[in-house]
Amino acid sequence: MASNSASQILAITKTAPYSKPMASRFLQSRRPYLNLCCLSQKFSNDNALFCLPNSKSFLLAKELEERNSNNHSPTLREICLDHVPGNVLRRLEEVGYLVPTDVQKEALPVLFSGNDCILHAQTGSGKTLTYLLLIYSQINPKKSAVQALIVVPTRELGMQAEPPAIVVATIGSLSQLLEKQILKLDSLRVLVVDEVDFLFKSSKQLSSLRKLLTSYSSCNNRQTVFASASILQHRRFRHDCIQQKWTKGDVVHVHVNRIMPMPACLYHRFVICGRKAKHQVLLSLLQSDLPESGIIFVGEQSEKSKKSGQAPSTTAVIDFLRASYEGSLDILLLEEDMNFNSRAASLTVNVLYFFYD
Ligand SMILES: Nc1ncnc2c1ncn2[C@@H]1O[C@H](COP(=O)(O)OP(=O)(O)OP(=O)(O)O)[C@@H](O)[C@H]1O
């Protein structure tokens, strides 16, 4: 997050028509370490990480910032270290998988410690990468045997003459290969049943699945993972898993069921402070975050303030920052009649500051 380069700050008035779509575009992008900060007097306290009620807010903000930075949340690499091979970890980082999703954060330590698991989390929550990382932690690529099996409801099985280490199969084609003994599961270390609710809906698929879980391989020799966005009776399902010996008795139900309007990698803070302290708090945040670039959304100027001849809120913020910011600061004011896209395109924004009355 920290950068020693000059900071670029954008100030945007609350009425600007582009501020909403632009904010949501940034919120939806899965940028790691996007830092979103709201300064307001009106926020409810429920989610507040910082509460700055008085003129000491400048100092408090710094203290709390430091405390918060000590409250370290592990990266995907840290969670996977000592389990997943280094080349896989490097590849993860190359493609931008740095921060674990909630289900990965909760389930990976459980899986790496050897437990069976029911991954129960919404679509798009990162279940696939969760069980793939388990598989990478378990298989020996030099060994010529099926060591991991992923049962999926619809995808086709691509078989090779040499048994691959990882097989992805529908239960139908898999059952045929098992019956004809074309495929052997003696070396199976990880069995994943993805979209398990879907498979359980068809009685034909269910009987094949039961056979796979109990006849063709044994739960004591493998780690078993069930993944689904919707398991209606999950307590019953867990009970059945143990009863039927589909999993070991200590199977863990990892249930991540939060509706996430924003990507988990978004770091979101609220700062509540007095009106007079707002500029100072914004300054302290900018100077501790040291963003390479950022956007400040500024509240609309009140009629009363206009009538009394005061400068617009944006001008007040800009003047204050220019006078007080230590270091170089390149500030651009975006107004309604400007071509926003062409100006914003040149910025790589990693911090948004909402600055409302
Ligand atoms: N740690 C991460 N950081 C960034 N992106 C991630 C991370 N984990 C997964 N993703 C991406 O998030 C998207 C959704 O993940 P994924 O398909 O694994 O979710 P899922 O829970 O398996 O969904 P479904 O229930 O539809 O199978 C994918 O594009 C994936 O590449």
# chains A, B, ... in the order shown; residues from 1 in each chain; ligands from 1
>>> residues_around(residues="Phe198 in chain A", least_positions_apart="5", cutoff="12 Å", atoms="only C-alpha atoms", output="VMD selection string")
chain A and resid 151 to 154 170 to 171 193 203 to 206 209 226 to 232
>>> select_by_dssp(residues="range 174-348 of chain A", states="strand (DSSP E)", output="ChimeraX atom specification")
/A:190-194,223-228,252-256,267-273,293-298,329-334
>>> write_last_selection(atoms="N, CA, C and O atoms", output="CSV table (one decimal), in the first residue's frame")
chain,number,residue,atom,x,y,z
A,190,VAL,N,-7.3,-37.6,-2.5
A,190,VAL,CA,-8.3,-36.6,-2.4
A,190,VAL,C,-9.5,-36.9,-3.3
A,190,VAL,O,-9.3,-37.1,-4.5
A,191,LEU,N,-10.7,-36.9,-2.7
A,191,LEU,CA,-11.9,-37.1,-3.5
A,191,LEU,C,-12.8,-35.8,-3.3
A,191,LEU,O,-13.1,-35.5,-2.2
A,192,VAL,N,-13.0,-35.1,-4.4
A,192,VAL,CA,-13.9,-33.9,-4.3
A,192,VAL,C,-15.2,-34.2,-5.0
A,192,VAL,O,-15.2,-34.7,-6.2
A,193,VAL,N,-16.3,-33.9,-4.4
A,193,VAL,CA,-17.6,-34.0,-5.1
A,193,VAL,C,-18.1,-32.5,-5.1
A,193,VAL,O,-18.5,-32.0,-4.1
A,194,ASP,N,-18.0,-32.0,-6.3
A,194,ASP,CA,-18.4,-30.6,-6.5
A,194,ASP,C,-19.9,-30.5,-6.8
A,194,ASP,O,-20.5,-31.4,-7.4
A,223,GLN,N,-8.9,-38.0,1.7
A,223,GLN,CA,-9.5,-36.9,2.2
A,223,GLN,C,-10.7,-36.6,1.3
A,223,GLN,O,-10.6,-36.5,0.1
A,224,THR,N,-11.9,-36.3,1.9
A,224,THR,CA,-13.1,-36.1,1.1
A,224,THR,C,-13.6,-34.7,1.3
A,224,THR,O,-13.7,-34.2,2.4
A,225,VAL,N,-13.9,-34.1,0.1
A,225,VAL,CA,-14.4,-32.7,0.2
A,225,VAL,C,-15.7,-32.6,-0.6
A,225,VAL,O,-15.7,-33.1,-1.8
A,226,PHE,N,-16.8,-32.2,0.0
A,226,PHE,CA,-18.0,-31.9,-0.7
A,226,PHE,C,-18.1,-30.4,-0.8
A,226,PHE,O,-17.9,-29.7,0.1
A,227,ALA,N,-18.4,-29.9,-2.1
A,227,ALA,CA,-18.6,-28.5,-2.2
A,227,ALA,C,-19.9,-28.2,-2.8
A,227,ALA,O,-20.4,-28.9,-3.7
A,228,SER,N,-20.5,-27.1,-2.3
A,228,SER,CA,-21.8,-26.7,-2.8
A,228,SER,C,-22.2,-25.3,-2.3
A,228,SER,O,-21.8,-24.8,-1.3
A,252,VAL,N,-15.6,-31.5,8.8
A,252,VAL,CA,-15.9,-30.2,9.3
A,252,VAL,C,-16.8,-29.5,8.2
A,252,VAL,O,-16.6,-29.5,7.0
A,253,HIS,N,-17.9,-28.9,8.7
A,253,HIS,CA,-18.8,-28.1,7.9
A,253,HIS,C,-18.3,-26.7,7.9
A,253,HIS,O,-18.5,-26.0,8.9
A,254,VAL,N,-17.7,-26.2,6.8
A,254,VAL,CA,-17.3,-24.8,6.7
A,254,VAL,C,-18.4,-24.1,6.0
A,254,VAL,O,-18.7,-24.3,4.8
A,255,HIS,N,-19.1,-23.2,6.7
A,255,HIS,CA,-20.3,-22.5,6.1
A,255,HIS,C,-20.0,-21.0,6.0
A,255,HIS,O,-19.9,-20.4,7.1
A,256,VAL,N,-19.8,-20.6,4.8
A,256,VAL,CA,-19.6,-19.1,4.6
A,256,VAL,C,-20.8,-18.6,3.9
A,256,VAL,O,-20.9,-18.9,2.7
A,267,TYR,N,-10.6,-3.4,1.5
A,267,TYR,CA,-10.4,-3.0,2.9
A,267,TYR,C,-11.2,-1.8,3.2
A,267,TYR,O,-11.0,-0.7,2.6
A,268,HIS,N,-12.2,-1.9,4.1
A,268,HIS,CA,-13.2,-0.9,4.3
A,268,HIS,C,-13.1,-0.3,5.7
A,268,HIS,O,-13.2,-1.0,6.7
A,269,ARG,N,-12.9,1.0,5.9
A,269,ARG,CA,-12.9,1.6,7.2
A,269,ARG,C,-13.9,2.7,7.3
A,269,ARG,O,-14.2,3.4,6.3
A,270,PHE,N,-14.4,2.9,8.5
A,270,PHE,CA,-15.2,4.1,8.8
A,270,PHE,C,-14.5,4.9,9.8
A,270,PHE,O,-13.9,4.4,10.7
A,271,VAL,N,-14.5,6.2,9.6
A,271,VAL,CA,-13.9,7.1,10.6
A,271,VAL,C,-15.0,8.1,11.0
A,271,VAL,O,-15.7,8.7,10.1
A,272,ILE,N,-15.4,8.1,12.3
A,272,ILE,CA,-16.4,9.1,12.7
A,272,ILE,C,-15.7,10.2,13.5
A,272,ILE,O,-14.9,9.9,14.4
A,273,CYS,N,-15.9,11.4,13.0
A,273,CYS,CA,-15.2,12.5,13.7
A,273,CYS,C,-16.1,13.8,13.7
A,273,CYS,O,-17.0,13.8,12.9
A,293,SER,N,-2.4,6.9,-5.6
A,293,SER,CA,-3.4,7.7,-6.2
A,293,SER,C,-4.7,7.4,-5.4
A,293,SER,O,-4.8,6.4,-4.7
A,294,GLY,N,-5.6,8.4,-5.5
A,294,GLY,CA,-6.8,8.2,-4.7
A,294,GLY,C,-7.9,9.1,-5.2
A,294,GLY,O,-7.7,10.0,-6.0
A,295,ILE,N,-9.1,8.8,-4.8
A,295,ILE,CA,-10.3,9.7,-5.1
A,295,ILE,C,-10.9,10.2,-3.8
A,295,ILE,O,-11.2,9.3,-2.9
A,296,ILE,N,-11.2,11.4,-3.7
A,296,ILE,CA,-11.9,11.9,-2.5
A,296,ILE,C,-13.3,12.4,-3.0
A,296,ILE,O,-13.4,13.3,-3.9
A,297,PHE,N,-14.3,11.7,-2.5
A,297,PHE,CA,-15.7,12.2,-2.8
A,297,PHE,C,-16.1,13.2,-1.8
A,297,PHE,O,-16.0,12.9,-0.6
A,298,VAL,N,-16.5,14.4,-2.3
A,298,VAL,CA,-16.7,15.5,-1.3
A,298,VAL,C,-18.2,15.8,-1.3
A,298,VAL,O,-18.8,15.8,-2.4
A,329,LEU,N,2.0,16.6,-3.9
A,329,LEU,CA,0.6,16.2,-4.1
A,329,LEU,C,0.1,16.8,-5.3
A,329,LEU,O,0.1,18.1,-5.5
A,330,ASP,N,-0.4,16.0,-6.2
A,330,ASP,CA,-0.9,16.5,-7.5
A,330,ASP,C,-2.5,16.3,-7.4
A,330,ASP,O,-3.0,15.2,-7.4
A,331,ILE,N,-3.2,17.5,-7.3
A,331,ILE,CA,-4.6,17.4,-7.1
A,331,ILE,C,-5.4,17.8,-8.3
A,331,ILE,O,-5.1,18.9,-8.9
A,332,LEU,N,-6.3,17.0,-8.7
A,332,LEU,CA,-7.1,17.3,-9.9
A,332,LEU,C,-8.6,17.4,-9.4
A,332,LEU,O,-9.1,16.6,-8.7
A,333,LEU,N,-9.3,18.5,-9.8
A,333,LEU,CA,-10.7,18.6,-9.4
A,333,LEU,C,-11.6,18.2,-10.6
A,333,LEU,O,-11.4,18.7,-11.7
A,334,LEU,N,-12.4,17.2,-10.3
A,334,LEU,CA,-13.3,16.7,-11.4
A,334,LEU,C,-14.7,17.4,-11.2
A,334,LEU,O,-15.3,17.2,-10.1
>>> residues_near_ligand(ligand="ligand 1", cutoff="9 Å", atoms="only C-alpha atoms and all ligand atoms", output="PyMOL selection string")
chain A and resi 30-32+75-76+92+95-105+119-131+194-195+227-230+263-265
>>> atom_distance(atom1="CA of Trp246 in chain A", atom2="CA of Leu213 in chain A")
5.4 Å
>>> select_by_dssp(residues="range 55-240 of chain A", states="alpha helix (DSSP H)", output="JSON, numbers by chain")
{"A": [57, 58, 59, 60, 61, 62, 63, 64, 65, 66, 67, 68, 69, 70, 76, 77, 78, 79, 80, 86, 87, 88, 89, 90, 91, 92, 93, 94, 102, 103, 104, 105, 106, 107, 108, 109, 110, 111, 112, 127, 128, 129, 130, 131, 132, 133, 134, 135, 136, 137, 138, 171, 172, 173, 174, 175, 176, 177, 178, 179, 196, 197, 198, 199, 200, 201, 203, 204, 205, 206, 207, 208, 209, 210, 211, 212, 213, 214, 234, 235, 236, 237, 238, 239, 240]}
>>> closest_residue(among="A:Ser73, A:Gln233, A:Ser137, A:Glu179", to="Asn87 in chain A", atoms="only C-alpha atoms")
A:Ser137
>>> residues_around(residues="Leu283 in chain A", least_positions_apart="2", cutoff="8 Å", atoms="only C-alpha atoms", output="PDB file with all heavy atoms, in the first residue's frame")
ATOM      1  N   HIS A 279     -10.937  17.605   8.131  1.00  0.00           N
ATOM      2  CA  HIS A 279      -9.799  17.819   7.236  1.00  0.00           C
ATOM      3  C   HIS A 279      -8.535  17.192   7.811  1.00  0.00           C
ATOM      4  O   HIS A 279      -7.757  16.559   7.103  1.00  0.00           O
ATOM      5  CB  HIS A 279      -9.578  19.320   7.016  1.00  0.00           C
ATOM      6  CG  HIS A 279     -10.611  19.934   6.104  1.00  0.00           C
ATOM      7  ND1 HIS A 279     -10.640  21.257   5.766  1.00  0.00           N
ATOM      8  CD2 HIS A 279     -11.654  19.376   5.477  1.00  0.00           C
ATOM      9  CE1 HIS A 279     -11.650  21.482   4.956  1.00  0.00           C
ATOM     10  NE2 HIS A 279     -12.296  20.359   4.765  1.00  0.00           N
ATOM     11  N   GLN A 280      -8.352  17.360   9.125  1.00  0.00           N
ATOM     12  CA  GLN A 280      -7.163  16.795   9.772  1.00  0.00           C
ATOM     13  C   GLN A 280      -7.158  15.273   9.663  1.00  0.00           C
ATOM     14  O   GLN A 280      -6.120  14.670   9.435  1.00  0.00           O
ATOM     15  CB  GLN A 280      -7.131  17.194  11.256  1.00  0.00           C
ATOM     16  CG  GLN A 280      -6.550  18.565  11.537  1.00  0.00           C
ATOM     17  CD  GLN A 280      -5.062  18.649  11.178  1.00  0.00           C
ATOM     18  OE1 GLN A 280      -4.419  17.654  10.870  1.00  0.00           O
ATOM     19  NE2 GLN A 280      -4.529  19.853  11.189  1.00  0.00           N
ATOM     20  N   VAL A 281      -8.334  14.676   9.849  1.00  0.00           N
ATOM     21  CA  VAL A 281      -8.396  13.209   9.799  1.00  0.00           C
ATOM     22  C   VAL A 281      -8.089  12.725   8.390  1.00  0.00           C
ATOM     23  O   VAL A 281      -7.334  11.764   8.189  1.00  0.00           O
ATOM     24  CB  VAL A 281      -9.788  12.709  10.267  1.00  0.00           C
ATOM     25  CG1 VAL A 281      -9.927  11.219  10.034  1.00  0.00           C
ATOM     26  CG2 VAL A 281      -9.993  13.027  11.733  1.00  0.00           C
ATOM     27  N   LEU A 285      -4.997  10.274   7.372  1.00  0.00           N
ATOM     28  CA  LEU A 285      -5.174   9.018   6.632  1.00  0.00           C
ATOM     29  C   LEU A 285      -4.321   9.010   5.369  1.00  0.00           C
ATOM     30  O   LEU A 285      -3.681   8.014   5.044  1.00  0.00           O
ATOM     31  CB  LEU A 285      -6.645   8.809   6.279  1.00  0.00           C
ATOM     32  CG  LEU A 285      -7.541   8.460   7.467  1.00  0.00           C
ATOM     33  CD1 LEU A 285      -9.007   8.548   7.076  1.00  0.00           C
ATOM     34  CD2 LEU A 285      -7.225   7.062   7.985  1.00  0.00           C
ATOM     35  N   LEU A 286      -4.328  10.118   4.670  1.00  0.00           N
ATOM     36  CA  LEU A 286      -3.518  10.195   3.446  1.00  0.00           C
ATOM     37  C   LEU A 286      -2.047  10.008   3.772  1.00  0.00           C
ATOM     38  O   LEU A 286      -1.327   9.310   3.066  1.00  0.00           O
ATOM     39  CB  LEU A 286      -3.707  11.560   2.771  1.00  0.00           C
ATOM     40  CG  LEU A 286      -5.020  11.773   2.031  1.00  0.00           C
ATOM     41  CD1 LEU A 286      -5.151  13.223   1.588  1.00  0.00           C
ATOM     42  CD2 LEU A 286      -5.094  10.860   0.823  1.00  0.00           C
ATOM     43  N   GLN A 287      -1.631  10.611   4.876  1.00  0.00           N
ATOM     44  CA  GLN A 287      -0.204  10.535   5.192  1.00  0.00           C
ATOM     45  C   GLN A 287       0.192   9.189   5.766  1.00  0.00           C
ATOM     46  O   GLN A 287       1.344   8.800   5.689  1.00  0.00           O
ATOM     47  CB  GLN A 287       0.188  11.695   6.116  1.00  0.00           C
ATOM     48  CG  GLN A 287       0.184  12.978   5.284  1.00  0.00           C
ATOM     49  CD  GLN A 287       0.675  14.205   6.006  1.00  0.00           C
ATOM     50  OE1 GLN A 287       0.606  14.275   7.226  1.00  0.00           O
ATOM     51  NE2 GLN A 287       1.131  15.183   5.258  1.00  0.00           N
ATOM     52  N   LEU A 321      -5.441  20.634   1.782  1.00  0.00           N
ATOM     53  CA  LEU A 321      -4.438  19.598   1.505  1.00  0.00           C
ATOM     54  C   LEU A 321      -3.172  20.209   0.902  1.00  0.00           C
ATOM     55  O   LEU A 321      -2.064  19.819   1.242  1.00  0.00           O
ATOM     56  CB  LEU A 321      -5.010  18.526   0.564  1.00  0.00           C
ATOM     57  CG  LEU A 321      -6.076  17.613   1.176  1.00  0.00           C
ATOM     58  CD1 LEU A 321      -6.596  16.629   0.142  1.00  0.00           C
ATOM     59  CD2 LEU A 321      -5.525  16.843   2.383  1.00  0.00           C
ATOM     60  N   SER A 324      -1.278  21.737   3.761  1.00  0.00           N
ATOM     61  CA  SER A 324      -0.851  20.930   4.913  1.00  0.00           C
ATOM     62  C   SER A 324      -0.119  19.636   4.566  1.00  0.00           C
ATOM     63  O   SER A 324       0.569  19.072   5.409  1.00  0.00           O
ATOM     64  CB  SER A 324      -2.071  20.532   5.758  1.00  0.00           C
ATOM     65  OG  SER A 324      -2.971  21.579   5.834  1.00  0.00           O
ATOM     66  N   TYR A 325      -0.316  19.100   3.359  1.00  0.00           N
ATOM     67  CA  TYR A 325       0.251  17.790   3.036  1.00  0.00           C
ATOM     68  C   TYR A 325       1.770  17.884   2.934  1.00  0.00           C
ATOM     69  O   TYR A 325       2.300  18.741   2.232  1.00  0.00           O
ATOM     70  CB  TYR A 325      -0.338  17.279   1.724  1.00  0.00           C
ATOM     71  CG  TYR A 325      -0.008  15.844   1.421  1.00  0.00           C
ATOM     72  CD1 TYR A 325      -0.738  14.803   1.988  1.00  0.00           C
ATOM     73  CD2 TYR A 325       1.052  15.513   0.572  1.00  0.00           C
ATOM     74  CE1 TYR A 325      -0.439  13.476   1.710  1.00  0.00           C
ATOM     75  CE2 TYR A 325       1.367  14.190   0.291  1.00  0.00           C
ATOM     76  CZ  TYR A 325       0.606  13.180   0.869  1.00  0.00           C
ATOM     77  OH  TYR A 325       0.911  11.879   0.604  1.00  0.00           O
TER      78      TYR A 325
END
>>> atom_distance(atom1="CA of Ser218 in chain A", atom2="CA of Gln244 in chain A")
11.1 Å
